[in-house]
There are 2 protein chains.
Amino acid sequence: MAIRERRERERAQRHKLIIDTARELAEREGWDAVTTRRLAESVEYSQPVLYSHFAGKDAIVRAVAIEGFGELAKVLKEARSAREDPIEALRSAAMAYLDFAEKRPALYDAMFLRQLDIPFGTSEAPPELRAGFGELLAALEPVAGERDIDTLAEVFWSAIHGFATLMLGARLRPDLREARMDLLLELFMRE
Amino acid sequence: MAIRERRERERAQRHKLIIDTARELAEREGWDAVTTRRLAESVEYSQPVLYSHFAGKDAIVRAVAIEGFGELAKVLKEARSAREDPIEALRSAAMAYLDFAEKRPALYDAMFLRQLDIPFGTSEAPPELRAGFGELLAALEPVAGERDIDTLAEVFWSAIHGFATLMLGARLRPDLREARMDLLLELFMRE
DNA sequence: CTTGAATACCTAGCGGTGCTAGATTTCGGC
DNA sequence: GCCGAAATCTAGCACCGCTAGGTATTCAAG
């Protein structure tokens, strides 16, 4: 039954096409522009086809977010392992996180701002997400000292997530990006 | 012409009624439930009346947010001045900030999460907002040491904003609330 | 090669949204 | 009591997410 296989392959391709198109549309014009009609038109199918792949619009956004988690984990891994010195590695990873958020605001929005009932912090969390948090833990581990690593990670993540979101909302002075990060790292370093 | 005055008074009352009703509806059922139709029905006027007070739905949300800034500033002021010791005062203010966000999630959402093009950080920012940031500066000032107070404030705010938003999105472990705050304050204290 | 059933897909429509043009009612001043 | 202006409403637009039901298309069996 090679035909069946071909069908399934095509279906998987279309599945990916929908996710990628939704993401492009969102990054180009924001999530408000991602309507089921426009998305269907972009992938050159009718609206109901979307619903044969996803339970609804939220599920599509969720799929985009999960793709994003995978990318972020990769970006963090690369940034961290680019530096030998633990402190420089942490700085590099944190900066990569901010770059990620600022270069793909719509994607970051889907991943961390929208209410998408993606399980966080539990074992049911998507592996891509767990990998990303794992990178953060690994980057912090050398500077943790005798402090609780999980709490430390939550605090550090909160801070850079705060940087990212407040920057995206134009609520922080853009020119102080480096200064804020310097200060944050300094705080975490003093042991 | 006392009649004109009465009219303006009534109009101002209705203005406030719309804002308060929108806020109640949002806090009770979330912003998705705040539609112009439901809001109009709740204030017992037709939809177009809303548009004689506000440019659109966003303007209503913005008005709610600005009301929220005022309240937050008040809450912070009270919390800060309740303690003598500067460190305790800072802790008290930071905890009050988190309580505010957790008790009024929809309001916090309107104030800091939604894209509402409220000017931040500039002199055109609403005075309520400037007052709130002023409270934060005042709370941090005693522990700033020789660090730049503005940068320090942005970092501190980012961290507690991160706490608040990640908590609201169920992305942090709820039981570690105190531990995270302890750690954060410890970081800022070491001088 | 034809046929019947299953599959894939689309058209059309439901009840909702934010917003507005134009008709209608209300009301103070004469 | 009537007029004109101001206040307010009705009705409608174009869009939204989502789905029922009908129409093609495809494939396996005869």
# chains A, B, ... in the order shown; residues from 1 in each chain; ligands from 1

call {"tool": "residues_around", "arguments": {"residues": "Ala144 of chain B", "least_positions_apart": "5", "cutoff": "9 Å", "atoms": "only C-alpha atoms (C1' of nucleotides)", "output": "list in words"}}
result
Ile149, Leu152, Phe188, Met189 and Glu191 of chain B

call {"tool": "residues_around", "arguments": {"residues": "segment 45-47 of chain A", "least_positions_apart": "3", "cutoff": "10 Å", "atoms": "only C-alpha atoms (C1' of nucleotides)", "output": "PyMOL selection string"}}
result
(chain A and resi 14+18+35-42+50-52) or (chain C and resi 9-11) or (chain D and resi 18)

call {"tool": "write_last_selection", "arguments": {"atoms": "C-alpha atoms (C1' of nucleotides)", "output": "compact mmCIF listing (two decimals), in the first residue's frame"}}
result
# COMPACT_ATOMS: atom_id res chain seq x y z
CA ARG A 14 0.35 20.06 4.34
CA ILE A 18 -0.11 25.26 7.60
CA THR A 35 -7.38 34.48 10.49
CA THR A 36 -8.58 31.09 9.38
CA ARG A 37 -9.73 32.61 6.11
CA ARG A 38 -6.45 34.28 5.28
CA LEU A 39 -4.48 31.26 6.39
CA ALA A 40 -6.61 28.93 4.27
CA GLU A 41 -6.19 31.19 1.28
CA SER A 42 -2.43 31.34 1.79
CA LEU A 50 -7.48 23.52 8.56
CA TYR A 51 -9.90 21.80 10.90
CA SER A 52 -9.03 18.38 9.54
C1' DC C 9 -12.65 18.62 -0.30
C1' DC C 10 -15.57 22.74 -0.92
C1' DT C 11 -19.75 25.79 -0.71
C1' DC D 18 -16.27 27.13 13.09

call {"tool": "residues_around", "arguments": {"residues": "segment 56-73 of chain A", "least_positions_apart": "3", "cutoff": "9 Å", "atoms": "only C-alpha atoms (C1' of nucleotides)", "output": "NGL selection string"}}
result
(:A and (18-20 or 22-23 or 31 or 35-36 or 50-51 or 53 or 76-78 or 96-97 or 100 or 107-112 or 116-118 or 126-136)) or (:D and (17-18))

call {"tool": "write_last_selection", "arguments": {"atoms": "C-alpha atoms (C1' of nucleotides)", "output": "PDB file, in the first residue's frame"}}
result
ATOM      1  CA  ILE A  18      -0.113  25.257   7.602  1.00  0.00           C
ATOM      2  CA  ILE A  19       2.139  25.749  10.619  1.00  0.00           C
ATOM      3  CA  ASP A  20       4.861  27.485   8.639  1.00  0.00           C
ATOM      4  CA  ALA A  22       0.705  30.697  10.042  1.00  0.00           C
ATOM      5  CA  ARG A  23       4.068  31.583  11.501  1.00  0.00           C
ATOM      6  CA  TRP A  31      -1.311  37.360  15.047  1.00  0.00           C
ATOM      7  CA  THR A  35      -7.376  34.480  10.492  1.00  0.00           C
ATOM      8  CA  THR A  36      -8.576  31.085   9.383  1.00  0.00           C
ATOM      9  CA  LEU A  50      -7.481  23.515   8.560  1.00  0.00           C
ATOM     10  CA  TYR A  51      -9.904  21.797  10.896  1.00  0.00           C
ATOM     11  CA  HIS A  53      -5.485  19.027  10.788  1.00  0.00           C
ATOM     12  CA  LEU A  76      20.489  28.638  23.532  1.00  0.00           C
ATOM     13  CA  LYS A  77      22.596  25.521  23.177  1.00  0.00           C
ATOM     14  CA  GLU A  78      24.719  27.097  20.471  1.00  0.00           C
ATOM     15  CA  ALA A  96      20.681  34.941  22.570  1.00  0.00           C
ATOM     16  CA  TYR A  97      17.367  34.622  24.396  1.00  0.00           C
ATOM     17  CA  PHE A 100      15.395  35.530  19.775  1.00  0.00           C
ATOM     18  CA  LEU A 107       6.793  33.736  17.726  1.00  0.00           C
ATOM     19  CA  TYR A 108       7.848  34.755  21.229  1.00  0.00           C
ATOM     20  CA  ASP A 109       4.333  36.029  21.771  1.00  0.00           C
ATOM     21  CA  ALA A 110       2.859  32.645  20.864  1.00  0.00           C
ATOM     22  CA  MET A 111       5.375  30.814  23.019  1.00  0.00           C
ATOM     23  CA  PHE A 112       5.210  32.816  26.230  1.00  0.00           C
ATOM     24  CA  LEU A 116      -2.396  28.435  25.172  1.00  0.00           C
ATOM     25  CA  ASP A 117      -2.636  25.928  27.996  1.00  0.00           C
ATOM     26  CA  ILE A 118       0.643  24.348  27.089  1.00  0.00           C
ATOM     27  CA  PRO A 126       6.576  19.383  25.325  1.00  0.00           C
ATOM     28  CA  PRO A 127      10.125  17.991  25.082  1.00  0.00           C
ATOM     29  CA  GLU A 128      11.223  21.046  23.054  1.00  0.00           C
ATOM     30  CA  LEU A 129      10.285  23.205  25.997  1.00  0.00           C
ATOM     31  CA  ARG A 130      11.996  20.976  28.507  1.00  0.00           C
ATOM     32  CA  ALA A 131      15.122  21.078  26.393  1.00  0.00           C
ATOM     33  CA  GLY A 132      15.101  24.867  26.466  1.00  0.00           C
ATOM     34  CA  PHE A 133      14.711  25.022  30.206  1.00  0.00           C
ATOM     35  CA  GLY A 134      17.440  22.413  30.468  1.00  0.00           C
ATOM     36  CA  GLU A 135      19.779  24.733  28.594  1.00  0.00           C
ATOM     37  CA  LEU A 136      19.000  27.475  31.039  1.00  0.00           C
TER      38      LEU A 136
ATOM     39  C1'  DG D  17     -14.095  31.076  14.180  1.00  0.00           C
ATOM     40  C1'  DC D  18     -16.267  27.131  13.086  1.00  0.00           C
TER      41       DC D  18
END

call {"tool": "residues_around", "arguments": {"residues": "segment 10-14 of chain D", "least_positions_apart": "5", "cutoff": "10 Å", "atoms": "only C-alpha atoms (C1' of nucleotides)", "output": "JSON, numbers by chain"}}
result
{"B": [46], "C": [18, 19, 20, 21, 22, 23, 24]}

call {"tool": "write_last_selection", "arguments": {"atoms": "N, CA and C atoms (P, O5', C5', C4', C3', O3' and C1' of nucleotides)", "output": "PDB file, in the first residue's frame"}}
result
ATOM      1  N   SER B  46     -27.148  51.720  24.005  1.00  0.00           N
ATOM      2  CA  SER B  46     -26.847  51.022  22.755  1.00  0.00           C
ATOM      3  C   SER B  46     -25.359  51.148  22.444  1.00  0.00           C
TER       4      SER B  46
ATOM      5  P    DG C  18     -16.358  43.278  20.197  1.00  0.00           P
ATOM      6  O5'  DG C  18     -15.823  44.193  19.001  1.00  0.00           O
ATOM      7  C5'  DG C  18     -14.451  44.146  18.607  1.00  0.00           C
ATOM      8  C4'  DG C  18     -14.243  45.134  17.486  1.00  0.00           C
ATOM      9  C3'  DG C  18     -14.530  46.588  17.845  1.00  0.00           C
ATOM     10  O3'  DG C  18     -13.552  47.434  17.235  1.00  0.00           O
ATOM     11  C1'  DG C  18     -15.945  45.917  16.067  1.00  0.00           C
ATOM     12  P    DC C  19     -13.591  49.041  17.551  1.00  0.00           P
ATOM     13  O5'  DC C  19     -14.610  49.590  16.458  1.00  0.00           O
ATOM     14  C5'  DC C  19     -14.320  49.348  15.064  1.00  0.00           C
ATOM     15  C4'  DC C  19     -15.485  49.812  14.213  1.00  0.00           C
ATOM     16  C3'  DC C  19     -15.981  51.243  14.466  1.00  0.00           C
ATOM     17  O3'  DC C  19     -15.697  52.003  13.299  1.00  0.00           O
ATOM     18  C1'  DC C  19     -17.766  49.728  14.131  1.00  0.00           C
ATOM     19  P    DT C  20     -15.982  53.591  13.257  1.00  0.00           P
ATOM     20  O5'  DT C  20     -17.379  53.671  12.465  1.00  0.00           O
ATOM     21  C5'  DT C  20     -17.495  53.020  11.222  1.00  0.00           C
ATOM     22  C4'  DT C  20     -18.850  53.336  10.608  1.00  0.00           C
ATOM     23  C3'  DT C  20     -19.350  54.766  10.804  1.00  0.00           C
ATOM     24  O3'  DT C  20     -20.042  55.125   9.617  1.00  0.00           O
ATOM     25  C1'  DT C  20     -20.954  53.305  11.630  1.00  0.00           C
ATOM     26  P    DA C  21     -19.900  56.637   9.038  1.00  0.00           P
ATOM     27  O5'  DA C  21     -21.142  56.671   8.030  1.00  0.00           O
ATOM     28  C5'  DA C  21     -21.425  55.521   7.224  1.00  0.00           C
ATOM     29  C4'  DA C  21     -22.917  55.454   6.919  1.00  0.00           C
ATOM     30  C3'  DA C  21     -23.608  56.802   6.724  1.00  0.00           C
ATOM     31  O3'  DA C  21     -24.577  56.652   5.695  1.00  0.00           O
ATOM     32  C1'  DA C  21     -24.609  55.665   8.540  1.00  0.00           C
ATOM     33  P    DG C  22     -25.424  57.918   5.172  1.00  0.00           P
ATOM     34  O5'  DG C  22     -26.844  57.694   5.866  1.00  0.00           O
ATOM     35  C5'  DG C  22     -27.430  56.392   5.835  1.00  0.00           C
ATOM     36  C4'  DG C  22     -28.659  56.373   6.722  1.00  0.00           C
ATOM     37  C3'  DG C  22     -29.509  57.655   6.663  1.00  0.00           C
ATOM     38  O3'  DG C  22     -30.870  57.266   6.774  1.00  0.00           O
ATOM     39  C1'  DG C  22     -28.881  57.275   8.864  1.00  0.00           C
ATOM     40  P    DA C  23     -32.038  58.340   6.472  1.00  0.00           P
ATOM     41  O5'  DA C  23     -33.150  57.911   7.536  1.00  0.00           O
ATOM     42  C5'  DA C  23     -33.508  56.536   7.659  1.00  0.00           C
ATOM     43  C4'  DA C  23     -34.010  56.264   9.070  1.00  0.00           C
ATOM     44  C3'  DA C  23     -35.190  57.160   9.501  1.00  0.00           C
ATOM     45  O3'  DA C  23     -36.161  56.344  10.126  1.00  0.00           O
ATOM     46  C1'  DA C  23     -33.424  57.356  11.053  1.00  0.00           C
ATOM     47  P    DT C  24     -37.586  56.960  10.576  1.00  0.00           P
ATOM     48  O5'  DT C  24     -37.372  57.184  12.133  1.00  0.00           O
ATOM     49  C5'  DT C  24     -36.891  56.111  12.937  1.00  0.00           C
ATOM     50  C4'  DT C  24     -36.674  56.606  14.349  1.00  0.00           C
ATOM     51  C3'  DT C  24     -37.815  57.490  14.897  1.00  0.00           C
ATOM     52  O3'  DT C  24     -38.205  56.933  16.136  1.00  0.00           O
ATOM     53  C1'  DT C  24     -35.716  58.485  15.308  1.00  0.00           C
TER      54       DT C  24
END

call {"tool": "select_by_dssp", "arguments": {"residues": "segment 93-171 of chain B", "states": "helix (DSSP H, G or I)", "output": "NGL selection string"}}
result
:B and (93-103 or 105-113 or 127-143 or 149-168)

call {"tool": "atom_distance", "arguments": {"atom1": "atom CA of Ala26 of chain A", "atom2": "atom CA of Arg9 of chain A"}}
result
25.8 Å

call {"tool": "residues_around", "arguments": {"residues": "Met95 of chain B", "least_positions_apart": "4", "cutoff": "9 Å", "atoms": "only C-alpha atoms (C1' of nucleotides)", "output": "MDAnalysis selection string"}}
result
chainID B and resid 79 90:91 99:100 160 178 181

call {"tool": "closest_residue", "arguments": {"among": "B:Asp32, B:Asp175, B:Asp182, B:Glu124", "to": "chain C", "atoms": "only C-alpha atoms (C1' of nucleotides)"}}
result
B:Asp32

call {"tool": "interface_residues", "arguments": {"of": "chain D", "to": "chain B", "cutoff": "12 Å", "atoms": "only C-alpha atoms (C1' of nucleotides)", "output": "mmCIF file with C-alpha atoms (C1' of nucleotides), in the first residue's frame"}}
result
data_model
loop_
_atom_site.group_PDB
_atom_site.id
_atom_site.type_symbol
_atom_site.label_atom_id
_atom_site.label_comp_id
_atom_site.auth_asym_id
_atom_site.auth_seq_id
_atom_site.Cartn_x
_atom_site.Cartn_y
_atom_site.Cartn_z
ATOM 1 C "C1'" DA D 6 -28.800 67.299 20.478
ATOM 2 C "C1'" DA D 7 -28.882 62.625 22.103
ATOM 3 C "C1'" DT D 8 -29.767 58.085 21.113
ATOM 4 C "C1'" DC D 9 -31.150 53.927 18.674
ATOM 5 C "C1'" DT D 10 -31.998 50.632 14.727
#
